[in-house]
2 protein chains.
Amino acid sequence: MSEKALQGIKVLDFTSVLAGPYCSMMLGNMGAEIYKVEKPQGDDSRTFGPHVGGMSTYFLSLNRGKKSIVCDTRSEQGKEAFKRLAAEVDILVENLKPGAMERMGLGYDTLKEINPRLIYVAVSGFGHSGPYSSRAAYDLIAQAMGGIISITGTPGEAPVRVGASVGDIMAGMFAAFGAVSALYQRVASGTGQKVDVAMLDSQIAMLENAIAKYSANGIVPQPIGLRHPVITPFDGFETKDGHIIVACGNDRLFRALCEVLDLESLPQDERFLTNALRTEHIDALTPIIAQTLRTNTTAHWMELLLAKNVPCGPINTIDKLFEDPQVAARNMLVEVEQPDVGKIKLAGNPVKMSPVEAADEVSHDPAPEIGSHTREVLIDLLGYSAEEAEAYMDSIGG
Amino acid sequence: MSEKALQGIKVLDFTSVLAGPYCSMMLGNMGAEIYKVEKPQGDDSRTFGPHVGGMSTYFLSLNRGKKSIVCDTRSEQGKEAFKRLAAEVDILVENLKPGAMERMGLGYDTLKEINPRLIYVAVSGFGHSGPYSSRAAYDLIAQAMGGIISITGTPGEAPVRVGASVGDIMAGMFAAFGAVSALYQRVASGTGQKVDVAMLDSQIAMLENAIAKYSANGIVPQPIGLRHPVITPFDGFETKDGHIIVACGNDRLFRALCEVLDLESLPQDERFLTNALRTEHIDALTPIIAQTLRTNTTAHWMELLLAKNVPCGPINTIDKLFEDPQVAARNMLVEVEQPDVGKIKLAGNPVKMSPVEAADEVSHDPAPEIGSHTREVLIDLLGYSAEEAEAYMDSIGG
């Protein structure tokens with residue numbers, strides 16, 4: 001099987017910045033053809049730095065391998081082209097505020113008349129129903145309102161956000177899952193449907209047991225820094241040159257850790273005999289382990305701990321990923337040759353299908369310049385005549 | 001369309017704790033039937049507190065609505081039942097260490113002989129290839145090695161983990177996306193395939209532009225707390241009773257914020273005329289805004305800011321989600337009536353398919369007791385005779 005899972009699927013990607021483009025990127029990674037429809041000024045994220053050779057690396061990282069078509073959906077010519085695109089594709093993804101598509105005359109109810117097989121995927125801050133539906137959201141607002149910020153950080157200190165935009169990204173991921181589920185359903189049903197994914201909802205889905213815990217015992221979950229709440233030692237520690245995670249899930253692993261650290265009397269200490277006791281006396285135990293780990297490098301401790309099968313790992317900064325042999329072996333940093341930019345590395349596809357090459361060969365294509373595929377798509381996909389295409393290009397000032 | 005997208009799909013769920021069960025939960029939310037195969041002692045997470053009425057709320061939150069079959073895969077009877085299950089299902093999900101299934105004689109190469117249409121989804125710490133493949137990982141290790149911890153937190157302070165287990169959850173989400181993509185591909189190809197998802201890979205996929213940024217400019221991304229790196233003010237602030245996020249993406253929104261705060265001279269201050277200037281002078285601007293916001297409640301400021309369409313939101317603690325009208329309107333906290341536990345609220349399904357009820361009516365079923373569906377599945381799905389089923393039940397001590 002050398003074809004990719006979504007080979008032949010066409011996606012009209014009317015999205016910008018992050019949540020929507022992340023969704024269509026996932027579909028593209030599976031082999032779908034992505035037709036990115038941009039307003040004449042282009043996706044807002046084209047202005048986000050750093051730029052290299054005039055290309056936003058932010059935009060590049062989310063839009064590699066997509067085709068770009070400029071469409072001014074406020075004009076009649078633009079609406080017409082948009083509808084003809086919607087008639088040809090399998091999936092439409094948009095991440096405008098709820099109601100915006102309807103105000104342009106391009107809402108789901110209109111488009112499904114044109115294409116009953118269309119799967120219409122809407123990603124928004126709060127979803128297409130409920131009292132906050134019309135509000136704007138950003139990643140930070142979704143993270144804040146969804147609860148994750150309240151359980152991330154050091155107890156008693158200022159709140160922090162998750163350093164990657166999980167407010168957007170989780171929504172994009174759930175949207176991609178919904179899109180493909182609807183695609184599978186369409187095989188039997190013959191019809192498309194609307195898939196409505198909210199950033200806030202996605203944040204709640206990410207909280208997992210914090211919800212059940214609070215529902216069960218009424219205790220509001222708090223941030224606890226790095227450590228595990230009920231397993232000890234299961235925490236991060238400073239080393240001579242960075243940080244290391246040590247995760248001792250049971251007494252055997254604790255003994256192995258103590259051997260490595262040359263602290264062989266510790267497991268006999270009555271305060272540290274069991275996990276429950278170690279957790280109770282964490283304030284006594286942590287400084288002892290911390291002091292020893294600080295005396296040598298992360299790589300040194302990693303080697304000794306791995307030899308004894310003690311779960312451990314460095315706290316990698318981003319540069320370290322570029323040197324990591326596992327990251328390389330899994331092809332998780334793919335090199336893209338971008339015109340005017342040169343070679344740049346981007347995150348690879350984490351969903352490895354068999355054969356693995358089928359997952360990995362995609363997405364090495366560069367990101368498009370604004371509208372660089374407009375004429376080709378109008379003529380080849382939508383059947384515009386050369387004259388009609390010319391008139392369209394004039395109308396967008398191209 | 002009242003059927004769910006994955007209605008009729010059967011999943012053999014041989015997973016424990018978090019990443020695997022999250023994947024099969026997502027498939028279950030779409031209407032698939034989940035056959036959770038547990039070792040005789042049960043999923044490890046059944047021991048994770050808090051417990052209510054003997055049921056782990058942790059286990060409950062990930063396994064509601066699944067059927068539980070006990071299977072000792074070290075015994076011949078267990079292997080036989082497992083293979084017969086694998087022959088009947090569409091998707092198998094496992095999250096053991098790579099190689100473990102093969103050592104039991106239940107690896108993909110064996111199972112695909114029995115069922116060439118089987119989609120075999122493996123979720124692991126580092127994936128089924130590469131030098132770290134055989135290492136154990138936990139959420140904390142995946143978060144640390146994947147880089148997210150290095151960009152989360154307050155600059156210069158101790159590292160913190162993301163407060164929800166995104167190391168596991170992202171892998172579960174990518175695995176569910178891969179599973180459904182393979183299911184769609186199978187419609188045309190007629191054959192299944194192996195889907196291999198690693199926690200580490202998934203963490204890298206979550207970093208989005210941090211990778212491209214570093215690749216472009218060689219500057220190692222650092223944590224920056226709560227605020228936006230290049231938009232000001234776009235940050236969280238203390239109020240009289242909590243925290244509020246204020247996100248002013250442009251000059252108009254900044255002027256509107258200043259009106260609300262009765263700081264109408266600020267937008268004329270030459271240090272704050274443009275976003276670039278505000279970002280440059282953030283240390284002068286932030287205390288002025290912070291001081292004013294501290295004088296009243298989050299709800300007070302929310303009302304005034306929303307009236308002027310200034311993007312904002314509270315930093316919700318988990319209890320606040322239980323009172324939020326949007327969370328209720330979107331059915332994101334579903335009530336499960338669990339035997340011996342009573343009513344408990346769990347996170348709902350964030351993928352709203354049309355009609356929305358199709359997404360929301362699922363997953364209100366309770367979580368199973370260990371092995372409570374063993375006999376039923378042996379007889380009804382696998383065709384065991386009553387005697388064979390009895391012998392099997394005896395073999396697992398049931």
# chains A, B, ... in the order shown; residues from 1 in each chain; ligands from 1
>>> calpha_fit_and_write(fixed="chain B", moving="chain A", output="compact mmCIF listing (two decimals) with C-alpha atoms, in the first residue's frame")
# COMPACT_ATOMS: atom_id res chain seq x y z
CA MET A 1 -28.55 10.98 10.11
CA SER A 2 -29.01 9.72 13.65
CA GLU A 3 -26.37 7.01 13.42
CA LYS A 4 -22.96 7.87 14.69
CA ALA A 5 -19.95 8.02 12.40
CA LEU A 6 -18.31 4.82 13.63
CA GLN A 7 -21.49 2.87 14.39
CA GLY A 8 -20.83 -0.83 13.81
CA ILE A 9 -17.06 -0.55 14.17
CA LYS A 10 -15.56 -2.90 16.75
CA VAL A 11 -12.41 -2.00 18.66
CA LEU A 12 -10.23 -4.39 20.65
CA ASP A 13 -8.82 -2.09 23.30
CA PHE A 14 -5.78 -3.72 24.89
CA THR A 15 -4.58 -0.58 26.62
CA SER A 16 -4.09 0.79 30.09
CA VAL A 17 -3.83 4.04 32.00
CA LEU A 18 -4.03 6.97 29.59
CA ALA A 19 -2.75 7.31 26.00
CA GLY A 20 -4.37 4.12 24.72
CA PRO A 21 -7.64 4.45 26.64
CA TYR A 22 -7.92 8.07 25.47
CA CYS A 23 -7.63 6.88 21.85
CA SER A 24 -10.31 4.21 22.25
CA MET A 25 -12.51 6.66 24.17
CA MET A 26 -12.45 8.98 21.16
CA LEU A 27 -13.43 6.09 18.89
CA GLY A 28 -16.17 5.17 21.34
CA ASN A 29 -17.44 8.74 21.37
CA MET A 30 -17.95 8.35 17.61
CA GLY A 31 -20.11 5.28 18.14
CA ALA A 32 -17.62 2.41 17.91
CA GLU A 33 -18.11 -0.53 20.28
CA ILE A 34 -15.07 -0.81 22.56
CA TYR A 35 -14.05 -4.23 23.86
CA LYS A 36 -11.56 -3.45 26.61
CA VAL A 37 -9.35 -6.46 27.26
CA GLU A 38 -7.89 -6.35 30.76
CA LYS A 39 -5.35 -8.53 32.47
CA PRO A 40 -6.87 -10.43 35.43
CA GLN A 41 -5.75 -7.70 37.87
CA GLY A 42 -7.35 -5.07 35.64
CA ASP A 43 -6.07 -1.86 34.08
CA ASP A 44 -3.43 -0.34 36.39
CA SER A 45 -5.41 2.88 36.53
CA ARG A 46 -8.17 1.10 38.48
CA THR A 47 -5.88 1.62 41.49
CA PHE A 48 -5.50 5.41 40.93
CA GLY A 49 -7.41 7.59 43.37
CA PRO A 50 -9.65 9.19 44.28
CA HIS A 51 -12.00 6.20 44.51
CA VAL A 52 -15.73 6.52 45.02
CA GLY A 53 -17.74 3.42 45.93
CA GLY A 54 -14.69 1.31 45.07
CA MET A 55 -14.39 2.74 41.55
CA SER A 56 -11.35 4.78 40.49
CA THR A 57 -12.56 8.12 39.13
CA TYR A 58 -9.42 8.17 37.00
CA PHE A 59 -10.37 4.87 35.37
CA LEU A 60 -13.99 5.93 35.10
CA SER A 61 -13.18 9.13 33.25
CA LEU A 62 -11.40 7.24 30.46
CA ASN A 63 -13.37 4.01 30.21
CA ARG A 64 -17.04 4.87 30.46
CA GLY A 65 -19.21 2.97 28.02
CA LYS A 66 -16.61 0.28 27.25
CA LYS A 67 -17.14 -3.45 27.70
CA SER A 68 -14.55 -5.23 29.86
CA ILE A 69 -13.24 -8.71 29.07
CA VAL A 70 -10.63 -10.33 31.27
CA CYS A 71 -7.91 -12.12 29.36
CA ASP A 72 -4.70 -13.59 30.69
CA THR A 73 -2.59 -13.35 27.53
CA ARG A 74 0.15 -15.46 29.15
CA SER A 75 -2.12 -18.53 29.12
CA GLU A 76 -3.05 -20.57 26.05
CA GLN A 77 -6.75 -20.00 26.69
CA GLY A 78 -6.13 -16.29 26.92
CA LYS A 79 -4.08 -16.15 23.72
CA GLU A 80 -6.77 -18.12 21.92
CA ALA A 81 -9.54 -15.76 23.06
CA PHE A 82 -7.40 -12.75 22.17
CA LYS A 83 -6.80 -14.05 18.65
CA ARG A 84 -10.48 -14.81 18.17
CA LEU A 85 -11.27 -11.27 19.28
CA ALA A 86 -8.66 -9.88 16.89
CA ALA A 87 -10.34 -11.85 14.10
CA GLU A 88 -13.69 -10.18 14.79
CA VAL A 89 -12.74 -6.54 15.24
CA ASP A 90 -11.89 -3.69 12.87
CA ILE A 91 -9.35 -1.91 15.03
CA LEU A 92 -6.94 -3.04 17.75
CA VAL A 93 -5.35 -0.44 20.02
CA GLU A 94 -2.48 -1.36 22.33
CA ASN A 95 -0.05 0.75 24.33
CA LEU A 96 2.51 -1.76 25.52
CA LYS A 97 6.24 -1.33 25.12
CA PRO A 98 7.32 -2.19 21.55
CA GLY A 99 8.09 -5.91 21.31
CA ALA A 100 5.77 -6.96 24.14
CA MET A 101 2.97 -8.09 21.84
CA GLU A 102 5.44 -10.11 19.74
CA ARG A 103 6.81 -11.81 22.85
CA MET A 104 3.28 -12.98 23.66
CA GLY A 105 2.85 -14.27 20.11
CA LEU A 106 0.29 -11.54 19.43
CA GLY A 107 2.30 -9.13 17.28
CA TYR A 108 0.93 -7.40 14.20
CA ASP A 109 2.51 -9.90 11.81
CA THR A 110 0.67 -12.76 13.55
CA LEU A 111 -2.65 -10.95 13.85
CA LYS A 112 -2.76 -9.72 10.27
CA GLU A 113 -2.58 -13.35 9.12
CA ILE A 114 -5.73 -13.99 11.16
CA ASN A 115 -7.41 -10.77 10.06
CA PRO A 116 -5.94 -8.96 7.05
CA ARG A 117 -8.50 -6.16 7.48
CA LEU A 118 -7.28 -5.43 11.01
CA ILE A 119 -6.10 -1.90 11.73
CA TYR A 120 -3.42 -2.31 14.38
CA VAL A 121 -2.82 0.89 16.34
CA ALA A 122 0.26 0.95 18.58
CA VAL A 123 0.78 3.84 20.98
CA SER A 124 4.13 3.88 22.74
CA GLY A 125 6.61 6.23 24.36
CA PHE A 126 9.12 6.43 21.55
CA GLY A 127 7.56 4.45 18.70
CA HIS A 128 8.28 1.10 17.10
CA SER A 129 11.58 2.18 15.53
CA GLY A 130 14.68 4.12 16.49
CA PRO A 131 17.30 3.78 19.24
CA TYR A 132 14.99 4.62 22.19
CA SER A 133 12.19 2.33 21.03
CA SER A 134 12.49 -0.11 23.93
CA ARG A 135 12.62 2.55 26.65
CA ALA A 136 9.73 3.17 29.02
CA ALA A 137 8.13 6.59 28.96
CA TYR A 138 5.67 8.37 31.15
CA ASP A 139 3.82 11.56 30.43
CA LEU A 140 6.40 13.60 32.34
CA ILE A 141 9.29 12.08 30.39
CA ALA A 142 7.56 12.69 27.04
CA GLN A 143 6.80 16.28 27.98
CA ALA A 144 10.40 16.81 29.11
CA MET A 145 12.09 15.21 26.12
CA GLY A 146 9.67 16.71 23.61
CA GLY A 147 10.56 20.30 24.51
CA ILE A 148 7.24 21.66 25.81
CA ILE A 149 8.53 21.97 29.39
CA SER A 150 11.42 24.12 28.18
CA ILE A 151 9.00 26.73 26.81
CA THR A 152 6.39 26.63 29.60
CA GLY A 153 6.70 28.62 32.82
CA THR A 154 8.05 31.81 34.28
CA PRO A 155 11.44 32.94 32.93
CA GLY A 156 14.28 32.11 35.28
CA GLU A 157 12.20 29.94 37.60
CA ALA A 158 11.95 26.19 38.09
CA PRO A 159 10.57 24.21 35.14
CA VAL A 160 6.94 23.09 35.29
CA ARG A 161 5.01 20.46 33.42
CA VAL A 162 1.79 21.10 31.55
CA GLY A 163 -0.85 20.39 34.20
CA ALA A 164 -2.79 17.94 32.04
CA SER A 165 -1.06 14.87 30.65
CA VAL A 166 -0.58 16.14 27.11
CA GLY A 167 2.34 13.72 26.72
CA ASP A 168 -0.19 10.90 26.75
CA ILE A 169 -3.27 12.67 25.45
CA MET A 170 -1.77 14.10 22.26
CA ALA A 171 -0.50 10.63 21.35
CA GLY A 172 -3.96 9.18 21.98
CA MET A 173 -5.50 11.85 19.75
CA PHE A 174 -3.07 11.31 16.89
CA ALA A 175 -3.62 7.56 17.21
CA ALA A 176 -7.39 7.98 16.94
CA PHE A 177 -6.93 10.18 13.87
CA GLY A 178 -4.63 7.55 12.34
CA ALA A 179 -7.08 4.76 13.15
CA VAL A 180 -10.00 6.45 11.40
CA SER A 181 -7.82 7.47 8.45
CA ALA A 182 -6.81 3.81 8.04
CA LEU A 183 -10.45 2.81 8.33
CA TYR A 184 -11.32 5.15 5.47
CA GLN A 185 -8.42 3.81 3.41
CA ARG A 186 -9.58 0.25 4.04
CA VAL A 187 -12.87 0.94 2.27
CA ALA A 188 -10.98 1.12 -1.02
CA SER A 189 -7.95 -1.06 -0.30
CA GLY A 190 -9.72 -3.85 1.54
CA THR A 191 -6.79 -4.28 3.90
CA GLY A 192 -5.78 -2.97 7.27
CA GLN A 193 -2.42 -1.64 8.32
CA LYS A 194 -0.29 -0.81 11.34
CA VAL A 195 -0.46 2.71 12.76
CA ASP A 196 2.49 3.56 14.99
CA VAL A 197 2.21 6.67 17.19
CA ALA A 198 4.85 7.76 19.71
CA MET A 199 4.38 10.10 22.65
CA LEU A 200 7.67 11.83 21.85
CA ASP A 201 6.72 12.38 18.19
CA SER A 202 3.36 13.79 19.25
CA GLN A 203 5.05 16.29 21.57
CA ILE A 204 7.18 17.55 18.71
CA ALA A 205 4.12 17.91 16.49
CA MET A 206 2.59 20.09 19.22
CA LEU A 207 5.44 22.61 19.25
CA GLU A 208 4.31 24.17 15.97
CA ASN A 209 6.26 27.32 15.22
CA ALA A 210 8.91 26.85 17.93
CA ILE A 211 10.62 24.39 15.57
CA ALA A 212 10.49 26.63 12.50
CA LYS A 213 11.53 29.65 14.55
CA TYR A 214 14.62 27.96 15.93
CA SER A 215 15.44 26.49 12.55
CA ALA A 216 15.22 29.97 11.02
CA ASN A 217 17.07 32.09 13.55
CA GLY A 218 18.95 29.72 15.85
CA ILE A 219 17.55 31.36 18.98
CA VAL A 220 16.46 28.78 21.56
CA PRO A 221 12.83 29.54 22.53
CA GLN A 222 12.34 30.26 26.24
CA PRO A 223 9.31 30.30 28.55
CA ILE A 224 7.61 33.69 28.82
CA GLY A 225 4.98 33.06 31.49
CA LEU A 226 1.55 34.09 30.39
CA ARG A 227 2.04 37.00 28.03
CA HIS A 228 2.19 37.16 24.25
CA PRO A 229 5.72 37.63 22.89
CA VAL A 230 4.98 40.46 20.44
CA ILE A 231 1.48 41.81 21.19
CA THR A 232 0.89 44.13 24.16
CA PRO A 233 -1.23 44.13 26.26
CA PHE A 234 -1.98 40.43 25.74
CA ASP A 235 -1.57 38.93 29.17
CA GLY A 236 -3.24 37.79 32.37
CA PHE A 237 -3.79 40.11 35.33
CA GLU A 238 -4.92 39.74 38.93
CA THR A 239 -8.37 41.00 39.81
CA LYS A 240 -10.04 41.39 43.19
CA ASP A 241 -11.23 37.78 43.08
CA GLY A 242 -9.10 35.94 40.54
CA HIS A 243 -7.40 36.58 37.22
CA ILE A 244 -8.44 37.94 33.86
CA ILE A 245 -6.92 37.65 30.40
CA VAL A 246 -6.95 40.81 28.28
CA ALA A 247 -5.95 40.47 24.65
CA CYS A 248 -5.61 43.71 22.70
CA GLY A 249 -4.48 42.78 19.22
CA ASN A 250 -4.57 46.33 17.84
CA ASP A 251 -4.70 50.03 18.72
CA ARG A 252 -8.50 50.22 18.63
CA LEU A 253 -8.79 47.47 21.22
CA PHE A 254 -6.12 49.13 23.37
CA ARG A 255 -8.13 52.37 23.33
CA ALA A 256 -11.28 50.46 24.25
CA LEU A 257 -9.45 48.81 27.16
CA CYS A 258 -8.22 52.19 28.40
CA GLU A 259 -11.77 53.58 28.27
CA VAL A 260 -13.02 50.70 30.38
CA LEU A 261 -10.18 51.19 32.87
CA ASP A 262 -10.70 54.95 32.98
CA LEU A 263 -7.13 55.42 31.81
CA GLU A 264 -7.99 57.50 28.79
CA SER A 265 -4.72 59.39 28.67
CA LEU A 266 -2.71 56.21 28.15
CA PRO A 267 -3.28 55.81 24.38
CA GLN A 268 -1.85 59.33 23.89
CA ASP A 269 1.28 58.52 25.89
CA GLU A 270 4.06 58.41 23.32
CA ARG A 271 5.42 55.18 24.81
CA PHE A 272 2.14 53.41 24.06
CA LEU A 273 1.07 54.76 20.68
CA THR A 274 1.55 51.55 18.71
CA ASN A 275 1.75 47.86 19.46
CA ALA A 276 5.49 47.89 18.78
CA LEU A 277 5.98 50.74 21.27
CA ARG A 278 3.73 49.09 23.83
CA THR A 279 5.75 45.89 23.55
CA GLU A 280 8.99 47.86 23.91
CA HIS A 281 7.65 49.63 27.02
CA ILE A 282 5.80 46.66 28.48
CA ASP A 283 7.50 47.09 31.85
CA ALA A 284 6.01 50.56 32.16
CA LEU A 285 2.58 49.68 30.81
CA THR A 286 1.81 46.43 32.63
CA PRO A 287 1.87 47.81 36.21
CA ILE A 288 -0.56 50.60 35.27
CA ILE A 289 -3.09 48.17 33.84
CA ALA A 290 -2.50 45.65 36.61
CA GLN A 291 -3.09 48.21 39.34
CA THR A 292 -6.47 49.19 37.95
CA LEU A 293 -7.70 45.67 37.23
CA ARG A 294 -6.90 44.69 40.82
CA THR A 295 -9.56 47.11 42.09
CA ASN A 296 -12.57 45.11 40.94
CA THR A 297 -13.77 41.59 40.20
CA THR A 298 -13.22 39.46 37.12
CA ALA A 299 -16.96 39.45 36.37
CA HIS A 300 -17.10 43.25 36.58
CA TRP A 301 -14.29 43.74 34.07
CA MET A 302 -15.56 40.95 31.82
CA GLU A 303 -18.92 42.67 31.45
CA LEU A 304 -17.41 46.06 30.57
CA LEU A 305 -14.77 44.63 28.21
CA LEU A 306 -17.18 42.35 26.37
CA ALA A 307 -19.52 45.31 25.82
CA LYS A 308 -16.66 46.90 23.87
CA ASN A 309 -15.68 43.66 22.14
CA VAL A 310 -12.28 43.54 23.82
CA PRO A 311 -11.20 39.88 23.79
CA CYS A 312 -10.98 38.74 27.39
CA GLY A 313 -11.69 35.81 29.64
CA PRO A 314 -11.33 34.65 33.22
CA ILE A 315 -8.61 32.21 34.27
CA ASN A 316 -11.00 29.50 35.38
CA THR A 317 -10.19 27.01 38.07
CA ILE A 318 -11.79 23.60 37.52
CA ASP A 319 -14.78 24.33 39.79
CA LYS A 320 -15.70 27.36 37.65
CA LEU A 321 -16.22 25.11 34.63
CA PHE A 322 -19.07 23.46 36.51
CA GLU A 323 -20.91 26.82 36.68
CA ASP A 324 -20.13 28.09 33.19
CA PRO A 325 -23.20 28.50 30.94
CA GLN A 326 -21.22 27.93 27.74
CA VAL A 327 -19.77 24.67 29.05
CA ALA A 328 -23.30 23.61 29.94
CA ALA A 329 -24.76 24.71 26.59
CA ARG A 330 -22.13 22.68 24.76
CA ASN A 331 -22.74 19.65 26.96
CA MET A 332 -19.07 19.47 27.83
CA LEU A 333 -19.67 18.04 31.29
CA VAL A 334 -21.76 14.92 30.92
CA GLU A 335 -23.31 13.19 33.87
CA VAL A 336 -22.67 9.48 34.24
CA GLU A 337 -24.69 7.33 36.62
CA GLN A 338 -22.10 4.87 37.86
CA PRO A 339 -23.25 1.88 39.96
CA ASP A 340 -21.98 2.15 43.56
CA VAL A 341 -20.69 5.65 42.77
CA GLY A 342 -23.78 7.64 41.91
CA LYS A 343 -23.82 10.60 39.56
CA ILE A 344 -20.45 11.92 38.50
CA LYS A 345 -19.55 14.51 35.85
CA LEU A 346 -16.98 13.79 33.18
CA ALA A 347 -15.64 15.71 30.19
CA GLY A 348 -17.97 15.51 27.18
CA ASN A 349 -17.19 14.92 23.53
CA PRO A 350 -15.64 18.01 21.90
CA VAL A 351 -16.34 16.82 18.35
CA LYS A 352 -19.89 17.93 17.66
CA MET A 353 -21.20 16.11 14.60
CA SER A 354 -24.54 17.01 13.00
CA PRO A 355 -27.05 16.62 14.37
CA VAL A 356 -25.27 17.70 17.54
CA GLU A 357 -27.25 15.12 19.50
CA ALA A 358 -25.42 12.37 17.63
CA ALA A 359 -22.21 13.51 19.26
CA ASP A 360 -23.68 14.14 22.64
CA GLU A 361 -25.90 11.20 23.35
CA VAL A 362 -22.96 8.82 23.64
CA SER A 363 -20.72 8.23 26.58
CA HIS A 364 -23.21 8.59 29.35
CA ASP A 365 -22.80 4.90 30.09
CA PRO A 366 -20.86 3.86 33.17
CA ALA A 367 -17.41 2.29 33.20
CA PRO A 368 -17.27 -1.51 33.50
CA GLU A 369 -16.23 -3.58 36.48
CA ILE A 370 -13.24 -5.80 35.66
CA GLY A 371 -14.34 -8.47 33.24
CA SER A 372 -18.04 -7.79 33.58
CA HIS A 373 -18.65 -8.53 29.88
CA THR A 374 -16.30 -11.49 29.54
CA ARG A 375 -18.89 -14.25 29.32
CA GLU A 376 -21.25 -12.25 27.07
CA VAL A 377 -18.48 -11.44 24.58
CA LEU A 378 -17.12 -14.99 24.52
CA ILE A 379 -20.54 -16.40 23.70
CA ASP A 380 -22.18 -13.68 21.62
CA LEU A 381 -19.23 -12.30 19.68
CA LEU A 382 -16.76 -15.18 19.60
CA GLY A 383 -19.21 -18.11 19.47
CA TYR A 384 -17.91 -19.99 22.52
CA SER A 385 -20.26 -22.72 23.75
CA ALA A 386 -21.58 -22.42 27.29
CA GLU A 387 -19.10 -25.09 28.38
CA GLU A 388 -16.17 -23.41 26.67
CA ALA A 389 -17.11 -20.11 28.27
CA GLU A 390 -17.34 -21.80 31.66
CA ALA A 391 -13.89 -23.33 31.25
CA TYR A 392 -12.53 -19.93 30.27
CA MET A 393 -14.09 -18.24 33.26
CA ASP A 394 -12.57 -20.89 35.51
CA SER A 395 -9.16 -20.32 33.93
CA ILE A 396 -9.20 -16.64 34.89
CA GLY A 397 -10.54 -17.42 38.33
CA GLY A 398 -13.84 -15.68 37.56
>>> select_by_dssp(residues="region 209-327 of chain B", states="helix (DSSP H, G or I)", output="ChimeraX atom specification")
/B:209-217,251-260,266-268,270-272,275-280,282-293,298-307,318-321,325-327
>>> select_by_dssp(residues="region 70-251 of chain B", states="strand (DSSP E or B)", output="VMD selection string")
chain B and resid 70 91 to 94 119 to 124 194 to 198 234 to 238 243 to 247
>>> write_last_selection(atoms="C-alpha atoms", output="PDB file, in the first residue's frame")
ATOM      1  CA  VAL B  70     -10.642 -10.329  31.264  1.00  0.00           C
ATOM      2  CA  ILE B  91      -9.329  -1.890  15.038  1.00  0.00           C
ATOM      3  CA  LEU B  92      -6.935  -3.038  17.753  1.00  0.00           C
ATOM      4  CA  VAL B  93      -5.338  -0.439  20.027  1.00  0.00           C
ATOM      5  CA  GLU B  94      -2.459  -1.360  22.341  1.00  0.00           C
ATOM      6  CA  ILE B 119      -6.084  -1.890  11.735  1.00  0.00           C
ATOM      7  CA  TYR B 120      -3.419  -2.284  14.392  1.00  0.00           C
ATOM      8  CA  VAL B 121      -2.807   0.905  16.359  1.00  0.00           C
ATOM      9  CA  ALA B 122       0.265   0.951  18.578  1.00  0.00           C
ATOM     10  CA  VAL B 123       0.792   3.840  20.988  1.00  0.00           C
ATOM     11  CA  SER B 124       4.145   3.865  22.753  1.00  0.00           C
ATOM     12  CA  LYS B 194      -0.287  -0.780  11.336  1.00  0.00           C
ATOM     13  CA  VAL B 195      -0.456   2.737  12.768  1.00  0.00           C
ATOM     14  CA  ASP B 196       2.494   3.582  14.999  1.00  0.00           C
ATOM     15  CA  VAL B 197       2.225   6.668  17.204  1.00  0.00           C
ATOM     16  CA  ALA B 198       4.850   7.753  19.716  1.00  0.00           C
ATOM     17  CA  PHE B 234      -1.994  40.432  25.728  1.00  0.00           C
ATOM     18  CA  ASP B 235      -1.571  38.928  29.181  1.00  0.00           C
ATOM     19  CA  GLY B 236      -3.224  37.810  32.394  1.00  0.00           C
ATOM     20  CA  PHE B 237      -3.789  40.145  35.335  1.00  0.00           C
ATOM     21  CA  GLU B 238      -4.910  39.783  38.939  1.00  0.00           C
ATOM     22  CA  HIS B 243      -7.389  36.611  37.255  1.00  0.00           C
ATOM     23  CA  ILE B 244      -8.437  37.957  33.881  1.00  0.00           C
ATOM     24  CA  ILE B 245      -6.915  37.657  30.425  1.00  0.00           C
ATOM     25  CA  VAL B 246      -6.952  40.800  28.287  1.00  0.00           C
ATOM     26  CA  ALA B 247      -5.960  40.449  24.654  1.00  0.00           C
TER      27      ALA B 247
END
